[in-house]
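**Q** For reference, the structure I am asking about is given below.
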Amino acid sequence: SEPWTRLEAGQPGGVEVELVRRFATELGARVEWVDGSEADLIAALEVRELDLVVGGLTADTPWQTKAAITRSYATTRMVVAVPASQPVPDDIAGLQVAVELGSDAAGILEDKTDAIPVRVPDVTQVKGSAVAVDEWLLDNLDLRDTGVHLRKVKHVMATPLGENAFLVRLERFLIAHQDQVPAMLDAESRW
């Protein structure tokens, strides 16, 4: 679930991986990483085989009855953007906008605007065209936000139900470090 988590050559990385490492350091704890599907990890969390699950979870996660969900520590937006060298259009009606194949961007674009979605394998490789992209990618892709925002996502982590002291400590840590998340996202976009 890049940029939040990724596995590269068997090693975990990403924004949430870095946050977990820093949190573990603060606790004086050792991290043992477990790779798995969201369903498998939440099931292990539910029976207390894991202490924390990360992986791009969002506040609207369907796992809220199986896990304690932190308050949101970061909010991201998907925006319609144009190359920085181009003027921002007054209206995107009729504008062709590249959207990631297999994502929800095309459907959202069709529901919320009169723009025309053009499905592509990787929006980060599109040059000279409008794209639907996560806002944290704008600078690195040399794009400018048109002001059309397609969705807002609040990012969370999951802990076992009933571990209130751990949850509170994690939330305090996340709140104290939330200002670092934009720079971490920026670093991930260059990864």
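In the structure tokens, the first chain shown is A, the next is B, and so on; residue numbers restart at 1 for each chain, and ligands run from 1 in the order shown.
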I'd like to know which residues of region 3-145 of chain A are alpha helix (DSSP H) (by DSSP, run on the backbone); could you write them as a VMD selection string?

**A** chain A and resid 15 to 27 38 to 46 105 to 112

**Q** Using only C-alpha atoms, which residues sit within 6 Å of Gly14 (chain A) once same-chain residues fewer than 4 positions away are excluded, as an MDAnalysis selection string?

**A** chainID A and resid 3:6

**Q** A:Ile69, A:Pro160, A:Arg30, A:Leu167: which is nearest Glu49 (chain A), counting only C-alpha atoms?

**A**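 Ranked by minimum distance to Glu49 (chain A), first place goes to A:Pro160.
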
**Q** Counting only C-alpha atoms, what is within 10 Å of region 36-38 of chain A, bar same-chain residues fewer than 5 positions away, as a ChimeraX atom specification?

**A** /A:43-44,53-57,63

**Q** List as a count of residues only the protein and nucleic acid residues near Leu185 (chain A), meaning an atom at most 10 Å away when only C-alpha atoms are counted, but skip any in the same chain fewer than 3 places from it.

**A** 15

**Q** Out of A:His149, A:His155, A:Arg71, A:Arg77, which residue has the shortest atom-to-atom distance to Ile175 (chain A) when counting only C-alpha atoms?

**A**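 Ranking A:His149, A:His155, A:Arg71, A:Arg77 by distance to Ile175 (chain A), first place goes to A:Arg71.
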
**Q** Would you list the contacts of Thr146 (chain A) as a PDB file with N, CA and C atoms, in the first residue's frame, taking every protein, DNA or RNA residue within 6 Å and counting only C-alpha atoms, but skipping same-chain residues closer than 4 positions in sequence?

**A**
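And here's selection.pdb as it stands now:
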ATOM      1  N   VAL A  80      -7.401  16.868  -9.289  1.00  0.00           N
ATOM      2  CA  VAL A  80      -7.147  16.965 -10.720  1.00  0.00           C
ATOM      3  C   VAL A  80      -6.047  18.015 -10.859  1.00  0.00           C
ATOM      4  N   ALA A  81      -4.984  17.640 -11.560  1.00  0.00           N
ATOM      5  CA  ALA A  81      -3.832  18.531 -11.707  1.00  0.00           C
ATOM      6  C   ALA A  81      -3.446  18.639 -13.180  1.00  0.00           C
ATOM      7  N   VAL A  88      -4.043  26.897 -15.331  1.00  0.00           N
ATOM      8  CA  VAL A  88      -5.116  26.121 -14.700  1.00  0.00           C
ATOM      9  C   VAL A  88      -6.415  26.473 -15.412  1.00  0.00           C
TER      10      VAL A  88
END

**Q** Mind checking which residues fall within 6 Å of Leu101 (chain A), counting only C-alpha atoms, ignoring those fewer than 6 positions away in the same chain, and posting them as a list in words?

**A** Arg119, Val120 and Pro121 of chain A

**Q** Excluding Val82 (chain A) and any residue of its chain fewer than 2 positions from it, enumerate the residues within 12 Å of it, using only C-alpha atoms, and give them as a ChimeraX atom specification.

**A** /A:79-80,84-89,92,95-98,123,126-133,135,138-139,141-148

**Q** Find the distance between CA of Ser1 (chain A) and CA of Ala187 (chain A) and write it in Å to one decimal.

**A**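 Going from CA of Ser1 (chain A) over to CA of Ala187 (chain A) covers 15.6 Å.
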
**Q** Taking only C-alpha atoms into account, name the residue in A:Val20, A:Ala158, A:Val168, A:Leu150 that is nearest to Thr76 (chain A).

**A**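 Of A:Val20, A:Ala158, A:Val168, A:Leu150, the one nearest Thr76 (chain A) is A:Leu150, counting only C-alpha atoms.
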
**Q** Run DSSP on the backbone and grab whatever in region 32-111 of chain A lands in strand (DSSP E); send it over as a ChimeraX atom specification.

**A** /A:68-69,74-83,96-100

**Q** Keeping all heavy atoms for every residue in the selection just given, could you write it to a file as a compact mmCIF listing (two decimals), in the first residue's frame?

**A**
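Here's the written file out_7.txt:
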# COMPACT_ATOMS: atom_id res chain seq x y z
N ALA A 68 -9.29 -1.66 17.25
CA ALA A 68 -9.37 -0.27 17.70
C ALA A 68 -8.62 0.57 16.66
O ALA A 68 -7.46 0.30 16.36
CB ALA A 68 -8.74 -0.12 19.07
N ILE A 69 -9.28 1.55 16.12
CA ILE A 69 -8.72 2.38 15.07
C ILE A 69 -8.28 3.71 15.67
O ILE A 69 -9.04 4.35 16.40
CB ILE A 69 -9.77 2.62 13.95
CG1 ILE A 69 -10.33 1.28 13.43
CG2 ILE A 69 -9.20 3.46 12.83
CD1 ILE A 69 -9.30 0.34 12.85
N ALA A 74 -3.18 11.68 9.38
CA ALA A 74 -2.84 12.35 8.12
C ALA A 74 -4.06 12.34 7.21
O ALA A 74 -4.83 11.37 7.21
CB ALA A 74 -1.68 11.65 7.43
N THR A 75 -4.22 13.41 6.47
CA THR A 75 -5.30 13.49 5.48
C THR A 75 -4.67 13.78 4.13
O THR A 75 -3.83 14.67 4.01
CB THR A 75 -6.28 14.62 5.84
OG1 THR A 75 -6.82 14.35 7.14
CG2 THR A 75 -7.41 14.71 4.85
N THR A 76 -5.06 12.98 3.14
CA THR A 76 -4.58 13.21 1.78
C THR A 76 -5.78 13.43 0.87
O THR A 76 -6.91 13.03 1.20
CB THR A 76 -3.74 12.03 1.26
OG1 THR A 76 -4.53 10.84 1.30
CG2 THR A 76 -2.48 11.84 2.09
N ARG A 77 -5.52 14.04 -0.26
CA ARG A 77 -6.57 14.32 -1.23
C ARG A 77 -6.14 13.87 -2.61
O ARG A 77 -4.97 14.00 -2.96
CB ARG A 77 -6.87 15.82 -1.28
CG ARG A 77 -7.56 16.35 -0.06
CD ARG A 77 -7.57 17.87 -0.01
NE ARG A 77 -8.11 18.36 1.24
CZ ARG A 77 -7.47 18.35 2.39
NH1 ARG A 77 -6.25 17.89 2.46
NH2 ARG A 77 -8.03 18.80 3.49
N MET A 78 -7.10 13.37 -3.38
CA MET A 78 -6.86 13.14 -4.79
C MET A 78 -7.39 14.37 -5.52
O MET A 78 -8.53 14.78 -5.29
CB MET A 78 -7.57 11.89 -5.32
CG MET A 78 -7.34 11.69 -6.81
SD MET A 78 -8.27 10.31 -7.49
CE MET A 78 -7.36 8.96 -6.78
N VAL A 79 -6.55 14.95 -6.36
CA VAL A 79 -6.89 16.18 -7.04
C VAL A 79 -6.74 16.01 -8.54
O VAL A 79 -6.03 15.13 -9.01
CB VAL A 79 -6.01 17.35 -6.56
CG1 VAL A 79 -6.13 17.55 -5.05
CG2 VAL A 79 -4.55 17.16 -6.95
N VAL A 80 -7.40 16.87 -9.29
CA VAL A 80 -7.15 16.97 -10.72
C VAL A 80 -6.05 18.02 -10.86
O VAL A 80 -6.15 19.11 -10.32
CB VAL A 80 -8.41 17.37 -11.51
CG1 VAL A 80 -8.07 17.60 -12.98
CG2 VAL A 80 -9.49 16.31 -11.36
N ALA A 81 -4.98 17.64 -11.56
CA ALA A 81 -3.83 18.53 -11.71
C ALA A 81 -3.45 18.64 -13.18
O ALA A 81 -3.75 17.76 -13.98
CB ALA A 81 -2.66 17.99 -10.90
N VAL A 82 -2.77 19.74 -13.48
CA VAL A 82 -2.25 19.96 -14.83
C VAL A 82 -0.76 20.23 -14.71
O VAL A 82 -0.28 20.61 -13.64
CB VAL A 82 -2.96 21.14 -15.53
CG1 VAL A 82 -4.43 20.82 -15.79
CG2 VAL A 82 -2.81 22.42 -14.74
N PRO A 83 0.00 20.06 -15.81
CA PRO A 83 1.42 20.39 -15.75
C PRO A 83 1.61 21.84 -15.30
O PRO A 83 0.83 22.73 -15.67
CB PRO A 83 1.88 20.21 -17.20
CG PRO A 83 0.93 19.18 -17.75
CD PRO A 83 -0.39 19.50 -17.10
N GLN A 96 -9.89 16.01 -20.87
CA GLN A 96 -9.46 14.63 -20.69
C GLN A 96 -8.50 14.59 -19.51
O GLN A 96 -7.53 15.35 -19.46
CB GLN A 96 -8.78 14.10 -21.95
CG GLN A 96 -9.75 13.89 -23.09
CD GLN A 96 -9.12 13.13 -24.24
OE1 GLN A 96 -7.92 13.03 -24.37
NE2 GLN A 96 -9.97 12.56 -25.08
N VAL A 97 -8.78 13.70 -18.58
CA VAL A 97 -7.98 13.58 -17.35
C VAL A 97 -7.52 12.13 -17.22
O VAL A 97 -8.33 11.21 -17.17
CB VAL A 97 -8.80 13.98 -16.11
CG1 VAL A 97 -7.98 13.82 -14.84
CG2 VAL A 97 -9.32 15.41 -16.24
N ALA A 98 -6.19 11.95 -17.17
CA ALA A 98 -5.63 10.61 -16.99
C ALA A 98 -5.92 10.13 -15.58
O ALA A 98 -5.73 10.86 -14.62
CB ALA A 98 -4.13 10.62 -17.26
N VAL A 99 -6.40 8.89 -15.48
CA VAL A 99 -6.69 8.27 -14.19
C VAL A 99 -6.03 6.89 -14.15
O VAL A 99 -5.89 6.24 -15.19
CB VAL A 99 -8.21 8.14 -13.93
CG1 VAL A 99 -8.87 9.49 -13.88
CG2 VAL A 99 -8.88 7.26 -14.97
N GLU A 100 -5.62 6.49 -12.97
CA GLU A 100 -4.97 5.19 -12.81
C GLU A 100 -5.96 4.06 -13.09
O GLU A 100 -7.04 3.99 -12.50
CB GLU A 100 -4.43 5.06 -11.39
CG GLU A 100 -3.50 3.92 -11.19
CD GLU A 100 -2.03 4.30 -11.31
OE1 GLU A 100 -1.69 5.48 -11.29
OE2 GLU A 100 -1.23 3.37 -11.44

**Q** Give the answer as one residue: which of A:Ile42, A:Ala93, A:Ala9, A:Ala165 has the shortest atom-to-atom distance to Thr65 (chain A), using only C-alpha atoms?

**A** A:Ile42

**Q** Kindly indicate which residue among A:Asp111, A:Asp91, A:Lys154, A:Asp186 lies nearest to Ala59 (chain A), using only C-alpha atoms for the distances.

**A** A:Lys154
